[in-house]
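Peer 1: Dropping in start_13.cif, with mmCIF, C-alpha atoms and all ligand atoms.
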```cif
data_start
loop_
_atom_site.group_PDB
_atom_site.id
_atom_site.type_symbol
_atom_site.label_atom_id
_atom_site.label_comp_id
_atom_site.auth_asym_id
_atom_site.auth_seq_id
_atom_site.Cartn_x
_atom_site.Cartn_y
_atom_site.Cartn_z
ATOM 1 C CA MET Q 223 101.091 107.729 108.375
ATOM 2 C CA SER Q 224 100.697 108.524 104.705
ATOM 3 C CA LYS Q 225 100.942 105.922 101.971
ATOM 4 C CA GLU Q 226 104.438 105.117 100.732
ATOM 5 C CA LEU Q 227 105.256 106.638 97.373
ATOM 6 C CA LEU Q 228 108.980 105.970 97.053
ATOM 7 C CA LYS Q 229 110.884 103.278 98.868
ATOM 8 C CA ILE Q 230 114.604 102.956 98.304
ATOM 9 C CA GLN Q 231 116.272 99.985 99.943
ATOM 10 C CA ASP Q 232 119.965 99.304 100.330
ATOM 11 C CA LEU Q 233 120.745 101.072 97.059
ATOM 12 C CA HIS Q 234 124.239 100.752 95.644
ATOM 13 C CA VAL Q 235 125.008 102.889 92.610
ATOM 14 C CA SER Q 236 128.137 103.041 90.493
ATOM 15 C CA VAL Q 237 129.356 105.475 87.881
ATOM 16 C CA GLU Q 238 131.987 104.168 85.492
ATOM 17 C CA GLU Q 239 132.722 101.161 87.745
ATOM 18 C CA LYS Q 240 133.205 103.350 90.815
ATOM 19 C CA GLU Q 241 130.674 102.879 93.604
ATOM 20 C CA ILE Q 242 129.203 106.241 94.694
ATOM 21 C CA LEU Q 243 126.205 105.168 96.799
ATOM 22 C CA HIS Q 244 126.939 102.470 99.363
ATOM 23 C CA GLY Q 245 123.537 101.293 100.559
ATOM 24 C CA VAL Q 246 120.999 104.124 100.692
ATOM 25 C CA ASN Q 247 117.640 103.693 102.426
ATOM 26 C CA LEU Q 248 114.978 106.342 101.988
ATOM 27 C CA THR Q 249 111.186 106.294 102.124
ATOM 28 C CA ILE Q 250 108.957 109.149 101.016
ATOM 29 C CA GLY Q 251 105.225 109.127 101.649
ATOM 30 C CA GLN Q 252 102.531 110.631 99.457
ATOM 31 C CA ASP Q 253 101.972 114.328 99.911
ATOM 32 C CA GLU Q 254 105.244 114.879 101.772
ATOM 33 C CA THR Q 255 108.180 117.247 101.332
ATOM 34 C CA HIS Q 256 111.576 115.776 102.133
ATOM 35 C CA VAL Q 257 114.963 117.408 101.948
ATOM 36 C CA LEU Q 258 118.252 115.714 101.280
ATOM 37 C CA MET Q 259 121.216 117.690 102.506
ATOM 38 C CA GLY Q 260 124.925 117.082 102.764
ATOM 39 C CA PRO Q 261 128.294 118.410 101.697
ATOM 40 C CA ASN Q 262 129.316 118.581 98.040
ATOM 41 C CA GLY Q 263 130.393 115.393 96.344
ATOM 42 C CA THR Q 264 128.629 113.007 98.725
ATOM 43 C CA GLY Q 265 126.233 111.511 96.152
ATOM 44 C CA LYS Q 266 123.026 113.547 96.465
ATOM 45 C CA SER Q 267 122.671 114.230 92.745
ATOM 46 C CA THR Q 268 123.660 110.627 92.040
ATOM 47 C CA LEU Q 269 120.667 109.495 94.085
ATOM 48 C CA GLY Q 270 118.416 111.822 92.062
ATOM 49 C CA TYR Q 271 119.762 110.426 88.784
ATOM 50 C CA ALA Q 272 119.417 106.844 89.990
ATOM 51 C CA VAL Q 273 115.763 107.398 90.927
ATOM 52 C CA THR Q 274 114.953 108.948 87.551
ATOM 53 C CA GLY Q 275 116.817 106.169 85.720
ATOM 54 C CA ASN Q 276 119.738 107.992 84.113
ATOM 55 C CA PRO Q 277 121.668 105.155 82.373
ATOM 56 C CA ALA Q 278 125.069 106.568 83.376
ATOM 57 C CA TYR Q 279 124.258 105.608 86.979
ATOM 58 C CA SER Q 280 124.026 101.860 87.381
ATOM 59 C CA VAL Q 281 122.283 100.228 90.283
ATOM 60 C CA THR Q 282 124.448 97.290 91.309
ATOM 61 C CA SER Q 283 122.209 96.165 94.172
ATOM 62 C CA GLY Q 284 119.181 97.237 96.159
ATOM 63 C CA SER Q 285 115.811 98.387 94.923
ATOM 64 C CA ILE Q 286 113.651 101.372 94.104
ATOM 65 C CA VAL Q 287 109.904 100.901 94.512
ATOM 66 C CA PHE Q 288 107.662 103.686 93.258
ATOM 67 C CA ASP Q 289 103.929 103.757 93.805
ATOM 68 C CA GLY Q 290 103.911 100.055 94.642
ATOM 69 C CA GLU Q 291 105.975 98.955 91.651
ATOM 70 C CA ASP Q 292 109.636 97.983 91.455
ATOM 71 C CA ILE Q 293 111.107 100.464 88.960
ATOM 72 C CA THR Q 294 114.783 99.626 89.507
ATOM 73 C CA GLU Q 295 115.124 98.296 85.939
ATOM 74 C CA LEU Q 296 112.725 100.644 84.144
ATOM 75 C CA PRO Q 297 114.048 103.046 81.504
ATOM 76 C CA VAL Q 298 113.982 106.772 82.126
ATOM 77 C CA ASN Q 299 110.937 107.587 79.936
ATOM 78 C CA GLU Q 300 108.818 104.892 81.629
ATOM 79 C CA ARG Q 301 109.636 106.382 85.003
ATOM 80 C CA ALA Q 302 108.704 109.857 83.770
ATOM 81 C CA LYS Q 303 105.370 108.469 82.577
ATOM 82 C CA LYS Q 304 104.739 107.021 86.016
ATOM 83 C CA GLY Q 305 105.176 110.475 87.450
ATOM 84 C CA ILE Q 306 108.811 111.071 88.421
ATOM 85 C CA PHE Q 307 110.236 114.479 87.564
ATOM 86 C CA LEU Q 308 113.793 115.714 88.046
ATOM 87 C CA SER Q 309 114.851 119.334 87.893
ATOM 88 C CA PHE Q 310 118.549 120.023 87.395
ATOM 89 C CA GLN Q 311 120.484 123.015 88.542
ATOM 90 C CA ASN Q 312 122.025 123.372 85.093
ATOM 91 C CA PRO Q 313 119.349 122.348 82.608
ATOM 92 C CA LEU Q 314 120.051 121.768 78.939
ATOM 93 C CA GLU Q 315 119.718 124.524 76.401
ATOM 94 C CA VAL Q 316 117.787 123.356 73.358
ATOM 95 C CA PRO Q 317 117.971 125.698 70.370
ATOM 96 C CA GLY Q 318 115.041 125.289 67.982
ATOM 97 C CA VAL Q 319 112.613 123.922 70.589
ATOM 98 C CA THR Q 320 110.477 126.452 72.404
ATOM 99 C CA LEU Q 321 109.667 126.119 76.084
ATOM 100 C CA SER Q 322 106.008 125.728 75.155
ATOM 101 C CA ALA Q 323 106.683 122.951 72.601
ATOM 102 C CA PHE Q 324 108.956 121.171 75.054
ATOM 103 C CA ILE Q 325 106.359 121.123 77.822
ATOM 104 C CA ARG Q 326 103.594 120.086 75.433
ATOM 105 C CA SER Q 327 105.632 117.186 74.135
ATOM 106 C CA ALA Q 328 106.521 116.011 77.658
ATOM 107 C CA LEU Q 329 102.892 116.266 78.710
ATOM 108 C CA GLU Q 330 101.670 114.368 75.645
ATOM 109 C CA GLN Q 331 104.103 111.538 76.337
ATOM 110 C CA LYS Q 332 102.375 111.139 79.656
ATOM 111 C CA THR Q 333 98.745 111.741 78.844
ATOM 112 C CA GLY Q 334 98.396 111.240 75.082
ATOM 113 C CA ARG Q 335 97.356 113.925 72.616
ATOM 114 C CA LEU Q 336 96.266 117.253 73.996
ATOM 115 C CA ARG Q 337 94.130 119.849 72.315
ATOM 116 C CA LEU Q 338 96.280 122.885 71.591
ATOM 117 C CA TRP Q 339 93.631 125.197 73.000
ATOM 118 C CA ASP Q 340 93.481 123.334 76.335
ATOM 119 C CA PHE Q 341 97.241 123.196 76.560
ATOM 120 C CA LYS Q 342 97.680 126.912 75.851
ATOM 121 C CA LYS Q 343 95.048 127.807 78.399
ATOM 122 C CA LYS Q 344 96.676 125.762 81.131
ATOM 123 C CA LEU Q 345 100.128 127.086 80.231
ATOM 124 C CA LYS Q 346 98.929 130.665 80.355
ATOM 125 C CA GLU Q 347 97.242 130.188 83.744
ATOM 126 C CA THR Q 348 100.277 128.483 85.227
ATOM 127 C CA MET Q 349 102.675 131.126 83.942
ATOM 128 C CA ALA Q 350 100.475 133.802 85.472
ATOM 129 C CA LEU Q 351 100.617 132.023 88.850
ATOM 130 C CA LEU Q 352 104.401 132.163 88.672
ATOM 131 C CA ASN Q 353 104.474 135.778 87.498
ATOM 132 C CA MET Q 354 106.206 134.654 84.336
ATOM 133 C CA ASP Q 355 105.992 136.753 81.251
ATOM 134 C CA GLU Q 356 104.127 134.855 78.523
ATOM 135 C CA SER Q 357 106.820 135.638 75.988
ATOM 136 C CA TYR Q 358 109.058 133.019 77.646
ATOM 137 C CA ALA Q 359 106.834 130.261 76.319
ATOM 138 C CA GLU Q 360 107.883 131.074 72.771
ATOM 139 C CA ARG Q 361 111.583 131.370 73.498
ATOM 140 C CA ASP Q 362 113.930 128.485 72.793
ATOM 141 C CA LEU Q 363 114.282 126.245 75.824
ATOM 142 C CA ASN Q 364 116.768 127.774 78.249
ATOM 143 C CA VAL Q 365 118.742 129.484 75.458
ATOM 144 C CA GLY Q 366 120.071 132.718 76.907
ATOM 145 C CA PHE Q 367 117.981 132.257 80.078
ATOM 146 C CA SER Q 368 119.576 133.477 83.297
ATOM 147 C CA GLY Q 369 119.949 131.033 86.194
ATOM 148 C CA GLY Q 370 116.779 132.392 87.751
ATOM 149 C CA GLU Q 371 114.842 132.165 84.478
ATOM 150 C CA LYS Q 372 115.919 128.558 83.982
ATOM 151 C CA LYS Q 373 114.689 127.789 87.462
ATOM 152 C CA LYS Q 374 111.353 129.423 86.695
ATOM 153 C CA ALA Q 375 111.084 127.420 83.484
ATOM 154 C CA GLU Q 376 111.616 124.234 85.472
ATOM 155 C CA ILE Q 377 109.093 125.094 88.122
ATOM 156 C CA LEU Q 378 106.671 125.788 85.282
ATOM 157 C CA GLN Q 379 107.379 122.318 83.859
ATOM 158 C CA MET Q 380 106.767 120.757 87.261
ATOM 159 C CA LEU Q 381 103.424 122.516 87.676
ATOM 160 C CA MET Q 382 102.352 121.597 84.144
ATOM 161 C CA LEU Q 383 103.424 117.944 84.312
ATOM 162 C CA GLU Q 384 101.995 117.357 87.790
ATOM 163 C CA PRO Q 385 104.338 114.490 88.683
ATOM 164 C CA LYS Q 386 103.657 112.302 91.708
ATOM 165 C CA LEU Q 387 107.243 112.895 92.800
ATOM 166 C CA ALA Q 388 109.349 115.932 91.935
ATOM 167 C CA ILE Q 389 113.064 115.878 92.696
ATOM 168 C CA LEU Q 390 114.539 119.361 92.744
ATOM 169 C CA ASP Q 391 118.308 119.399 92.698
ATOM 170 C CA GLU Q 392 119.387 122.796 93.970
ATOM 171 C CA THR Q 393 123.011 121.917 94.597
ATOM 172 C CA ASP Q 394 124.790 124.801 92.998
ATOM 173 C CA SER Q 395 122.501 127.246 94.746
ATOM 174 C CA GLY Q 396 123.496 130.275 92.700
ATOM 175 C CA LEU Q 397 119.903 131.399 92.955
ATOM 176 C CA ASP Q 398 118.998 135.011 93.535
ATOM 177 C CA VAL Q 399 116.249 136.099 95.920
ATOM 178 C CA ASP Q 400 113.682 136.193 93.134
ATOM 179 C CA ALA Q 401 114.474 132.645 92.018
ATOM 180 C CA VAL Q 402 114.351 131.367 95.592
ATOM 181 C CA ARG Q 403 110.907 132.932 95.863
ATOM 182 C CA THR Q 404 109.804 131.265 92.617
ATOM 183 C CA VAL Q 405 110.943 127.877 93.839
ATOM 184 C CA SER Q 406 109.186 128.281 97.196
ATOM 185 C CA GLU Q 407 106.009 129.536 95.572
ATOM 186 C CA GLY Q 408 106.147 126.796 92.928
ATOM 187 C CA VAL Q 409 106.582 124.145 95.592
ATOM 188 C CA ARG Q 410 103.681 125.563 97.588
ATOM 189 C CA LEU Q 411 101.433 125.562 94.488
ATOM 190 C CA PHE Q 412 102.547 122.058 93.538
ATOM 191 C CA ARG Q 413 101.664 120.701 96.975
ATOM 192 C CA GLU Q 414 98.390 122.565 97.120
ATOM 193 C CA ARG Q 415 97.186 121.674 93.629
ATOM 194 C CA THR Q 416 98.419 118.130 93.109
ATOM 195 C CA HIS Q 417 99.346 116.783 96.554
ATOM 196 C CA GLY Q 418 102.479 115.416 94.974
ATOM 197 C CA SER Q 419 105.623 114.617 96.958
ATOM 198 C CA LEU Q 420 108.948 116.389 96.804
ATOM 199 C CA LEU Q 421 112.562 115.563 97.376
ATOM 200 C CA ILE Q 422 114.556 118.767 97.548
ATOM 201 C CA ILE Q 423 118.289 118.233 97.257
ATOM 202 C CA THR Q 424 120.395 121.058 98.574
ATOM 203 C CA HIS Q 425 123.561 121.947 100.402
ATOM 204 C CA SER Q 426 122.231 125.312 101.419
ATOM 205 C CA THR Q 427 119.354 125.635 103.861
ATOM 206 C CA ARG Q 428 118.312 129.032 102.490
ATOM 207 C CA ILE Q 429 115.774 127.609 100.081
ATOM 208 C CA LEU Q 430 114.078 125.769 102.929
ATOM 209 C CA GLU Q 431 113.269 128.829 105.009
ATOM 210 C CA ALA Q 432 109.975 129.434 103.237
ATOM 211 C CA LEU Q 433 108.961 125.777 102.922
ATOM 212 C CA HIS Q 434 107.203 123.337 105.166
ATOM 213 C CA VAL Q 435 109.464 120.298 105.500
ATOM 214 C CA ASP Q 436 108.098 116.931 106.644
ATOM 215 C CA ALA Q 437 111.409 115.111 106.864
ATOM 216 C CA ALA Q 438 115.113 115.809 106.418
ATOM 217 C CA HIS Q 439 117.951 113.436 105.561
ATOM 218 C CA VAL Q 440 121.674 114.000 105.597
ATOM 219 C CA MET Q 441 123.987 112.199 103.203
ATOM 220 C CA GLU Q 442 127.692 111.771 103.728
ATOM 221 C CA GLU Q 443 130.022 109.716 101.568
ATOM 222 C CA GLY Q 444 127.291 107.819 99.794
ATOM 223 C CA VAL Q 445 125.086 106.870 102.729
ATOM 224 C CA ILE Q 446 122.359 108.603 104.688
ATOM 225 C CA VAL Q 447 123.795 109.296 108.127
ATOM 226 C CA ARG Q 448 120.911 111.148 109.784
ATOM 227 C CA ASN Q 449 117.121 111.288 109.446
ATOM 228 C CA GLY Q 450 114.939 113.794 111.209
ATOM 229 C CA GLY Q 451 112.349 116.485 110.874
ATOM 230 C CA ALA Q 452 112.490 120.219 110.321
ATOM 231 C CA GLU Q 453 114.624 120.531 113.486
ATOM 232 C CA LEU Q 454 117.460 118.803 111.636
ATOM 233 C CA VAL Q 455 117.433 121.606 109.054
ATOM 234 C CA GLU Q 456 117.670 124.128 111.915
ATOM 235 C CA GLU Q 457 120.529 122.239 113.487
ATOM 236 C CA ILE Q 458 122.509 122.234 110.239
ATOM 237 C CA ASN Q 459 121.721 125.902 109.757
ATOM 238 C CA GLU Q 460 123.321 126.648 113.094
ATOM 239 C CA LYS Q 461 126.175 124.175 113.315
ATOM 240 C CA GLY Q 462 126.930 122.965 109.794
ATOM 241 C CA PHE Q 463 127.398 119.378 108.663
ATOM 242 C CA GLY Q 464 130.566 118.790 110.678
ATOM 243 C CA SER Q 465 128.574 118.637 113.905
ATOM 244 C CA LEU Q 466 126.659 115.564 112.774
ATOM 245 C CA LYS Q 467 129.612 113.216 112.755
ATOM 246 C CA GLU Q 468 129.744 112.500 116.477
ATOM 247 C CA ASP Q 469 126.240 111.042 116.781
HETATM 248 P P1 LIG T 501 126.606 115.790 95.291
HETATM 249 O O1 LIG T 501 125.394 116.011 94.453
HETATM 250 O O2 LIG T 501 126.318 115.353 96.680
HETATM 251 O O3 LIG T 501 127.496 117.000 95.285
HETATM 252 P P2 LIG T 501 127.335 113.904 93.225
HETATM 253 O O4 LIG T 501 126.285 112.863 93.263
HETATM 254 O O5 LIG T 501 127.238 114.923 92.157
HETATM 255 O O6 LIG T 501 127.449 114.590 94.656
HETATM 256 O O7 LIG T 501 128.741 113.219 93.092
HETATM 257 C C1 LIG T 501 129.199 112.187 93.984
HETATM 258 C C2 LIG T 501 130.484 111.602 93.456
HETATM 259 O O8 LIG T 501 130.235 110.904 92.246
HETATM 260 C C3 LIG T 501 131.546 112.629 93.133
HETATM 261 O O9 LIG T 501 132.794 112.095 93.501
HETATM 262 C C4 LIG T 501 131.443 112.790 91.642
HETATM 263 O O10 LIG T 501 132.660 113.149 91.077
HETATM 264 C C5 LIG T 501 131.014 111.395 91.191
HETATM 265 N N1 LIG T 501 130.184 111.464 89.985
HETATM 266 C C6 LIG T 501 128.898 111.829 89.925
HETATM 267 N N2 LIG T 501 128.433 111.807 88.673
HETATM 268 C C7 LIG T 501 129.460 111.416 87.893
HETATM 269 C C8 LIG T 501 129.626 111.164 86.487
HETATM 270 N N3 LIG T 501 128.613 111.341 85.620
HETATM 271 N N4 LIG T 501 130.830 110.754 86.057
HETATM 272 C C9 LIG T 501 131.855 110.587 86.920
HETATM 273 N N5 LIG T 501 131.767 110.784 88.245
HETATM 274 C C10 LIG T 501 130.581 111.181 88.739
HETATM 275 MG MG MG T 502 124.819 117.565 93.314
#
```
For this file, produce the structure as structure tokens.
Ligand code: ADP
Ligand code: MG
Peer 2:
Amino acid sequence: MSKELLKIQDLHVSVEEKEILHGVNLTIGQDETHVLMGPNGTGKSTLGYAVTGNPAYSVTSGSIVFDGEDITELPVNERAKKGIFLSFQNPLEVPGVTLSAFIRSALEQKTGRLRLWDFKKKLKETMALLNMDESYAERDLNVGFSGGEKKKAEILQMLMLEPKLAILDETDSGLDVDAVRTVSEGVRLFRERTHGSLLIITHSTRILEALHVDAAHVMEEGVIVRNGGAELVEEINEKGFGSLKED
């Protein structure tokens, strides 16, 4: 058994007074890859936002313990500093801020000032690992990036920031083959280099084909209804979510 990294207990989360999560329990160990699956609109992204501390999602009861500390009340930037990273399917476009400047600023918030030379060297190496053209670093963050390029930019951020827990929300899975490959390769590199943990949120099982999954969870209507291993991903691949209801 690996050490617990994230422990969510009986989590209730509301958005604008409406309860979306009705008592979620989920534990992720260090150096593990978990997937959270389930139909659209069941609260998967809400769970991701609640863990990262997005203020629009209020925890009305239950707790989130990360790396031995109760973070339920911590603001979003404090959680990021502790090593929680969230990748969105539709990331913000930020005109006037280059991808490179954005990553450097995020990294400095975590580790303090960085020498430009060291930062550039690490950025260059990491971009090469992802087969990313260096010119992207000097483009404005996500402005005019295709879906696949945005995904690459996020995987780059994950590899640069080296969080203890990365939550990848793939919900709108409009990813082409190349982007799927980038995500799988990025996840493999992340695990290999940092031994961080992952929570991959998806409603499509395609992205999981190339990944080693330690545990799978299925969410329906704001609660987790099934927990299992990689075989659960297979089962959903074959039969869909509807089949899960009877057990
Ligand atoms: P999933 O990621 O599983 O598709 P979501 O967590 O995005 O589901 O959404 C779950 C429910 O919460 C939906 O009914 C959605 O409309 C609602 N919801 C989520 N975020 C917001 C928000 N910011 N404002 C209003 N409703 C929201
Ligand atoms: Mg979602």
Peer 1: Ligand MG 502 (chain T): which residues are within 7 Å, counting all atoms listed in the file? Reply as a list in words.
Peer 2: Asn262, Gly263, Gly265, Lys266, Ser267, Asp391 and Thr393 of chain Q
Peer 1: Return the single residue from Q:Leu338, Q:Ala272, Q:Ala375, Q:Leu228 that is closest to ligand LIG 501 (chain T), with distances computed using all atoms listed in the file.
Peer 2: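 Ranked by minimum distance to ligand LIG 501 (chain T), first place goes to Q:Ala272.
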Peer 1: With only C-alpha atoms as the counted atoms, please give the residues lying no more than 9 Å from Leu352 (chain Q), apart from itself and same-chain residues fewer than 4 positions off, as a list in words.
Peer 2: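 Skipping anything fewer than 4 positions along the chain leaves Glu347, Thr348, Lys374, Ile377, Leu378, Thr404, Glu407 and Gly408 of chain Q.
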Peer 1: Please extract the residues at most 10 Å from ligand LIG 501 (chain T), counting all atoms listed in the file, and provide them as a PyMOL selection string, using the chain letters and residue numbers of this document.
Peer 2: chain Q and resi 235-243+258-272+276-279+391-394+423-425+441-444
Peer 1: Got time to write the residues from that selection, C-alpha atoms, as a CSV table (one decimal), in the coordinates of the input?
Peer 2:
```csv
chain,number,residue,atom,x,y,z
Q,235,VAL,CA,125.0,102.9,92.6
Q,236,SER,CA,128.1,103.0,90.5
Q,237,VAL,CA,129.4,105.5,87.9
Q,238,GLU,CA,132.0,104.2,85.5
Q,239,GLU,CA,132.7,101.2,87.7
Q,240,LYS,CA,133.2,103.4,90.8
Q,241,GLU,CA,130.7,102.9,93.6
Q,242,ILE,CA,129.2,106.2,94.7
Q,243,LEU,CA,126.2,105.2,96.8
Q,258,LEU,CA,118.3,115.7,101.3
Q,259,MET,CA,121.2,117.7,102.5
Q,260,GLY,CA,124.9,117.1,102.8
Q,261,PRO,CA,128.3,118.4,101.7
Q,262,ASN,CA,129.3,118.6,98.0
Q,263,GLY,CA,130.4,115.4,96.3
Q,264,THR,CA,128.6,113.0,98.7
Q,265,GLY,CA,126.2,111.5,96.2
Q,266,LYS,CA,123.0,113.5,96.5
Q,267,SER,CA,122.7,114.2,92.7
Q,268,THR,CA,123.7,110.6,92.0
Q,269,LEU,CA,120.7,109.5,94.1
Q,270,GLY,CA,118.4,111.8,92.1
Q,271,TYR,CA,119.8,110.4,88.8
Q,272,ALA,CA,119.4,106.8,90.0
Q,276,ASN,CA,119.7,108.0,84.1
Q,277,PRO,CA,121.7,105.2,82.4
Q,278,ALA,CA,125.1,106.6,83.4
Q,279,TYR,CA,124.3,105.6,87.0
Q,391,ASP,CA,118.3,119.4,92.7
Q,392,GLU,CA,119.4,122.8,94.0
Q,393,THR,CA,123.0,121.9,94.6
Q,394,ASP,CA,124.8,124.8,93.0
Q,423,ILE,CA,118.3,118.2,97.3
Q,424,THR,CA,120.4,121.1,98.6
Q,425,HIS,CA,123.6,121.9,100.4
Q,441,MET,CA,124.0,112.2,103.2
Q,442,GLU,CA,127.7,111.8,103.7
Q,443,GLU,CA,130.0,109.7,101.6
Q,444,GLY,CA,127.3,107.8,99.8
```
Peer 1: Figure out the distance between CA of His417 (chain Q) and CA of Ser357 (chain Q), please, to one decimal in Å.
Peer 2: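 Answer for the CA of Ser357 (chain Q) to CA of His417 (chain Q) separation: 28.9 Å.
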